[in-house]
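**Student:** Below: one structure in structure tokens.
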Amino acid sequence: MDFWTLFEYAAWAVSFVLFAWMAMDFMRVNRDFSEDLLTSSREGEIEAISERHDLK
Amino acid sequence: MAMADTAATSAQRISLLRVLGPAHVWALGVGIVLVGEFMGWNFSVGKGGALGALIACWVIGLLYTCVAMIDSEVTSTVAAAGGQYAQAKHIMGPLMAFNVGLYLVMAYTMLEAADALVVGDLLSAVAAETGHEGLDPRPFVVLTIAVLAWLNYRGVFMTLTVNFVITAAAFISILILFVGVSPWSPGQVLLHRELLTELPYGWIGVLASFQFGIWYYLGIEGTCQAAEEVRSPARSLPYGTMSGIITLLIAASLTWYIAAGLLPWEYLGQAATPLYDAARVTGSTALKVFLFIGTIFSAIASANGCINDASRSWFSMGRDRYMPLWFGAVHPQYRTPYRSILFLIPIAVSFAFTDLLDQVITFSILSGLLGYTFMPINMWMFRRKWPLDSIRRGYVHPMHPLPAFVLLCLCAATFVGTFLGYGAQLIAMMAFYIVASLWFVFHRYKYVRRGDQFTMPWPKPLGY
């Protein structure tokens with residue numbers, strides 16, 4: 001088995017490990033945190049607190 | 001009252017993390033784009049000859065300079081992860097915003113697929129050169145997407161710091177090649193006098209070459225998707241975007257100069273890796289190695305930036321319920337839009353596995369072109385509804401409405417040029433977005449919370 005064939009198998013293996021890790025972490029997060037908290041991000045929150053735009 | 005409510009509940013909210021600086025913005029914008037210097041731009045030579053490609057390079061450079069200036073003003077003021085999607089939502093309305101969000105997701109996801117294909121094909125080519133013929137590129141396509149998706153999943157700071165390093169290395173490889181061909185001694189290595197010809201297809205060929213001139217710069221507007229994750233949007237976004245377009249103008253000009261001085265236009269117009277081929281022609285092994293590294297780094301950096309940007313657009317649409325709210329989730333530890341990142345992985349992989357690189361690239365370009373056409377209209381409406389003295393802007397671009405007008409004219413010319421060569425794809429793409437718009441209007445919009453989607457603390461627009 002030459003280097004390139006080994007590299008092919010290694011690529012599949014590493015890809016599988018990374019996808020599996022992300023999938024397991026995804027399931028853990030979905031299980032351990034509420035949906036309301038996970039989707040609580042709001043656009044423009046910093047601007048709402050820090051900015052004022054005065055009409056002249 | 002609204003501010004107190006916001007402050008009281010902000011402790012219970014998870015948001016994207018504001019950790020990025022101007023260098024990261026540069027890395028995101030240039031990283032997405034630089035692969036276009038290593039491949040793709042040269043098809044403009046096939047349409048318009050070498051001199052036609054140079055005209056396309058600078059005319060489209062002007063188009064993108066206008067894009068960068070317009071984007072810097074609007075994004076530094078509407079600093080949200082959706083980038084142009086958030087801009088369109090506030091300035092033009094929900095339907096335009098939905099379309100712009102789709103343009104962004106489609107353009108970046110397909111570009112990501114094309115980049116991963118390039119990595120696979122490059123490794124197959126290297127394997128063939130070392131005696132292993134017929135290497136399957138698919139495991140390397142999947143590995144590229146897996147590693148970069150994992151990096152994006154784990155955090156934006158590391159993702160874009162890595163992008164800074166590999167993008168800088170890719171840019172330096174172009175500089176090294178430029179120095180390596182002794183530009184101070186014309187005729188010694190570079191043979192412009194012998195290789196340059198008249199316009200082979202006349203001025204209509206130059207027009208047709210515009211769409212491939214886009215490849216030099218396509219994606220610099222991607223800096224906008226970092227708006228919610230930079231420490232100072234008003235400073236970092238203009239700095240990063242404008243320095244990015246300057247970098248690309250230099251890189252594009254050097255790329256044309258090197259390639260047109262080493263390769264005949266008939267070959268250059270259809271080469272798969274023009275800069276790498278130019279390095280091979282010099283006979284220098286060192287330059288070949290540098291350019292191989294630069295090419296593969298640029299493809300990886302581009303895919304990395306595309307995953308970042310496509311996921312932010314999809315996340316923003318989910319947060320506003322333009323897509324299911326489920327996609328608007330933020331990872332509580334890594335503070336990334338993890339569901340959007342994961343969702344787009346199989347889409348990118350399936351595009352990459354079609355092995356239709358040119359069709360995938362064409363759809364990406366056309367989606368981007370629609371976005372560029374929206375920008376000048378958006379800019380004009382932004383200045384009209386909220387004049388300069390009505391809201392605070394992070395950056396004010398000069399000579400308005402000239403950049404918007406120039407951008408609109410150049411987009412129109414590029415559409416004409418695109419129609420000449422890819423009329424069927426253009427019509428198919430327009431049909432796709434029309435059908436998607438009908439779905440949004442007649443089905444999806446009823447789920448949107450109409451007041452909540454407008455988040456900028458601006459006064460009422462002038463005249464309303």
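Every chain in the structure tokens has a letter given in the order shown (A, B, ...), and although residue numbers restart at 1 in each chain, ligands are simply numbered from 1 in the order shown.
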Do me a favour and pick out the residues of chain B within 7 Å of chain A, using only C-alpha atoms, as a list of chain:residue names.
**Tutor:**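 Result, ordered by chain then number: B:Met3, B:Gln12, B:Arg13, B:Ile14, B:Ser15, B:Ala80, B:Ala127, B:Pro139, B:Phe140, B:Val142, B:Leu143, B:Ala146, B:Trp150, B:Gly328, B:Ala329, B:Val330, B:His331, B:Pro332, B:Asp389, B:Ser390, B:Ile391, B:Arg392, B:Thr455, B:Met456, B:Pro457, B:Trp458, B:Pro459.
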**Student:** Keeping only N, CA and C atoms, take the residues you just selected and write them out as a PDB file, in the first residue's frame.
**Tutor:**
```
ATOM      1  N   MET B   3     -34.096  50.018  26.585  1.00  0.00           N
ATOM      2  CA  MET B   3     -32.696  49.746  26.902  1.00  0.00           C
ATOM      3  C   MET B   3     -32.590  48.994  28.228  1.00  0.00           C
ATOM      4  N   GLN B  12     -29.204  36.601  30.030  1.00  0.00           N
ATOM      5  CA  GLN B  12     -29.813  35.342  29.676  1.00  0.00           C
ATOM      6  C   GLN B  12     -29.678  35.052  28.194  1.00  0.00           C
ATOM      7  N   ARG B  13     -28.902  35.815  27.488  1.00  0.00           N
ATOM      8  CA  ARG B  13     -28.789  35.640  26.045  1.00  0.00           C
ATOM      9  C   ARG B  13     -27.401  35.162  25.690  1.00  0.00           C
ATOM     10  N   ILE B  14     -27.365  34.350  24.620  1.00  0.00           N
ATOM     11  CA  ILE B  14     -26.083  33.932  24.049  1.00  0.00           C
ATOM     12  C   ILE B  14     -25.932  34.670  22.736  1.00  0.00           C
ATOM     13  N   SER B  15     -24.833  35.356  22.557  1.00  0.00           N
ATOM     14  CA  SER B  15     -24.625  36.070  21.307  1.00  0.00           C
ATOM     15  C   SER B  15     -23.298  35.646  20.700  1.00  0.00           C
ATOM     16  N   ALA B  80     -24.325  43.858  11.580  1.00  0.00           N
ATOM     17  CA  ALA B  80     -24.997  42.605  11.933  1.00  0.00           C
ATOM     18  C   ALA B  80     -24.420  41.461  11.124  1.00  0.00           C
ATOM     19  N   ALA B 127      -0.179  13.587  -7.037  1.00  0.00           N
ATOM     20  CA  ALA B 127      -0.038  12.122  -6.970  1.00  0.00           C
ATOM     21  C   ALA B 127       0.346  11.564  -8.339  1.00  0.00           C
ATOM     22  N   PRO B 139     -12.041  11.882  -1.151  1.00  0.00           N
ATOM     23  CA  PRO B 139     -11.713  11.929   0.294  1.00  0.00           C
ATOM     24  C   PRO B 139     -11.063  13.239   0.700  1.00  0.00           C
ATOM     25  N   PHE B 140     -10.324  13.866  -0.218  1.00  0.00           N
ATOM     26  CA  PHE B 140      -9.657  15.122   0.131  1.00  0.00           C
ATOM     27  C   PHE B 140     -10.613  16.294   0.060  1.00  0.00           C
ATOM     28  N   VAL B 142     -13.788  15.959   0.926  1.00  0.00           N
ATOM     29  CA  VAL B 142     -14.527  15.810   2.187  1.00  0.00           C
ATOM     30  C   VAL B 142     -13.653  16.230   3.364  1.00  0.00           C
ATOM     31  N   LEU B 143     -12.362  15.864   3.329  1.00  0.00           N
ATOM     32  CA  LEU B 143     -11.461  16.224   4.427  1.00  0.00           C
ATOM     33  C   LEU B 143     -11.334  17.744   4.547  1.00  0.00           C
ATOM     34  N   ALA B 146     -14.498  19.008   6.065  1.00  0.00           N
ATOM     35  CA  ALA B 146     -14.613  18.559   7.461  1.00  0.00           C
ATOM     36  C   ALA B 146     -13.713  19.380   8.387  1.00  0.00           C
ATOM     37  N   TRP B 150     -15.094  22.098  11.077  1.00  0.00           N
ATOM     38  CA  TRP B 150     -14.764  21.887  12.494  1.00  0.00           C
ATOM     39  C   TRP B 150     -14.114  23.140  13.078  1.00  0.00           C
ATOM     40  N   GLY B 328     -31.214  29.728  13.946  1.00  0.00           N
ATOM     41  CA  GLY B 328     -30.694  30.934  14.584  1.00  0.00           C
ATOM     42  C   GLY B 328     -30.064  30.678  15.945  1.00  0.00           C
ATOM     43  N   ALA B 329     -29.611  29.464  16.196  1.00  0.00           N
ATOM     44  CA  ALA B 329     -29.020  29.119  17.490  1.00  0.00           C
ATOM     45  C   ALA B 329     -27.532  29.438  17.505  1.00  0.00           C
ATOM     46  N   VAL B 330     -27.040  29.821  18.700  1.00  0.00           N
ATOM     47  CA  VAL B 330     -25.612  30.084  18.915  1.00  0.00           C
ATOM     48  C   VAL B 330     -25.085  29.059  19.908  1.00  0.00           C
ATOM     49  N   HIS B 331     -23.939  28.486  19.655  1.00  0.00           N
ATOM     50  CA  HIS B 331     -23.326  27.505  20.555  1.00  0.00           C
ATOM     51  C   HIS B 331     -22.972  28.199  21.870  1.00  0.00           C
ATOM     52  N   PRO B 332     -23.403  27.640  22.999  1.00  0.00           N
ATOM     53  CA  PRO B 332     -23.200  28.338  24.276  1.00  0.00           C
ATOM     54  C   PRO B 332     -21.739  28.432  24.706  1.00  0.00           C
ATOM     55  N   ASP B 389     -26.708  63.582   7.972  1.00  0.00           N
ATOM     56  CA  ASP B 389     -26.819  64.195   9.292  1.00  0.00           C
ATOM     57  C   ASP B 389     -27.913  63.571  10.155  1.00  0.00           C
ATOM     58  N   SER B 390     -28.506  62.469   9.716  1.00  0.00           N
ATOM     59  CA  SER B 390     -29.627  61.889  10.466  1.00  0.00           C
ATOM     60  C   SER B 390     -29.214  60.733  11.355  1.00  0.00           C
ATOM     61  N   ILE B 391     -28.228  59.940  10.931  1.00  0.00           N
ATOM     62  CA  ILE B 391     -27.717  58.863  11.786  1.00  0.00           C
ATOM     63  C   ILE B 391     -26.199  58.866  11.734  1.00  0.00           C
ATOM     64  N   ARG B 392     -25.619  58.278  12.778  1.00  0.00           N
ATOM     65  CA  ARG B 392     -24.165  58.229  12.849  1.00  0.00           C
ATOM     66  C   ARG B 392     -23.659  57.053  12.024  1.00  0.00           C
ATOM     67  N   THR B 455     -34.027  45.995  13.710  1.00  0.00           N
ATOM     68  CA  THR B 455     -33.321  46.074  14.994  1.00  0.00           C
ATOM     69  C   THR B 455     -32.469  47.319  15.153  1.00  0.00           C
ATOM     70  N   MET B 456     -32.253  48.067  14.092  1.00  0.00           N
ATOM     71  CA  MET B 456     -31.360  49.219  14.204  1.00  0.00           C
ATOM     72  C   MET B 456     -32.105  50.372  14.896  1.00  0.00           C
ATOM     73  N   PRO B 457     -31.454  51.047  15.857  1.00  0.00           N
ATOM     74  CA  PRO B 457     -32.116  52.130  16.609  1.00  0.00           C
ATOM     75  C   PRO B 457     -32.097  53.436  15.822  1.00  0.00           C
ATOM     76  N   TRP B 458     -32.624  53.416  14.622  1.00  0.00           N
ATOM     77  CA  TRP B 458     -32.616  54.588  13.750  1.00  0.00           C
ATOM     78  C   TRP B 458     -33.919  55.350  13.861  1.00  0.00           C
ATOM     79  N   PRO B 459     -33.895  56.635  13.573  1.00  0.00           N
ATOM     80  CA  PRO B 459     -35.144  57.380  13.486  1.00  0.00           C
ATOM     81  C   PRO B 459     -35.913  56.955  12.231  1.00  0.00           C
TER      82      PRO B 459
END
```
**Student:** Which one of B:Ala114, B:Ile307, B:Leu62, B:Leu407 sits closest to B:Leu370 if you count only C-alpha atoms?
**Tutor:**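 Closest residue, counting only C-alpha atoms: B:Leu407.
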**Student:** If we count only C-alpha atoms and set the cut-off at 12 Å, which residues sit around B:Val179, ignoring sequence neighbours fewer than 5 positions away in its own chain? Please answer as a PyMOL selection string.
**Tutor:** chain B and resi 172-174+184-185+189-190+254-255+257-258+279+282+287
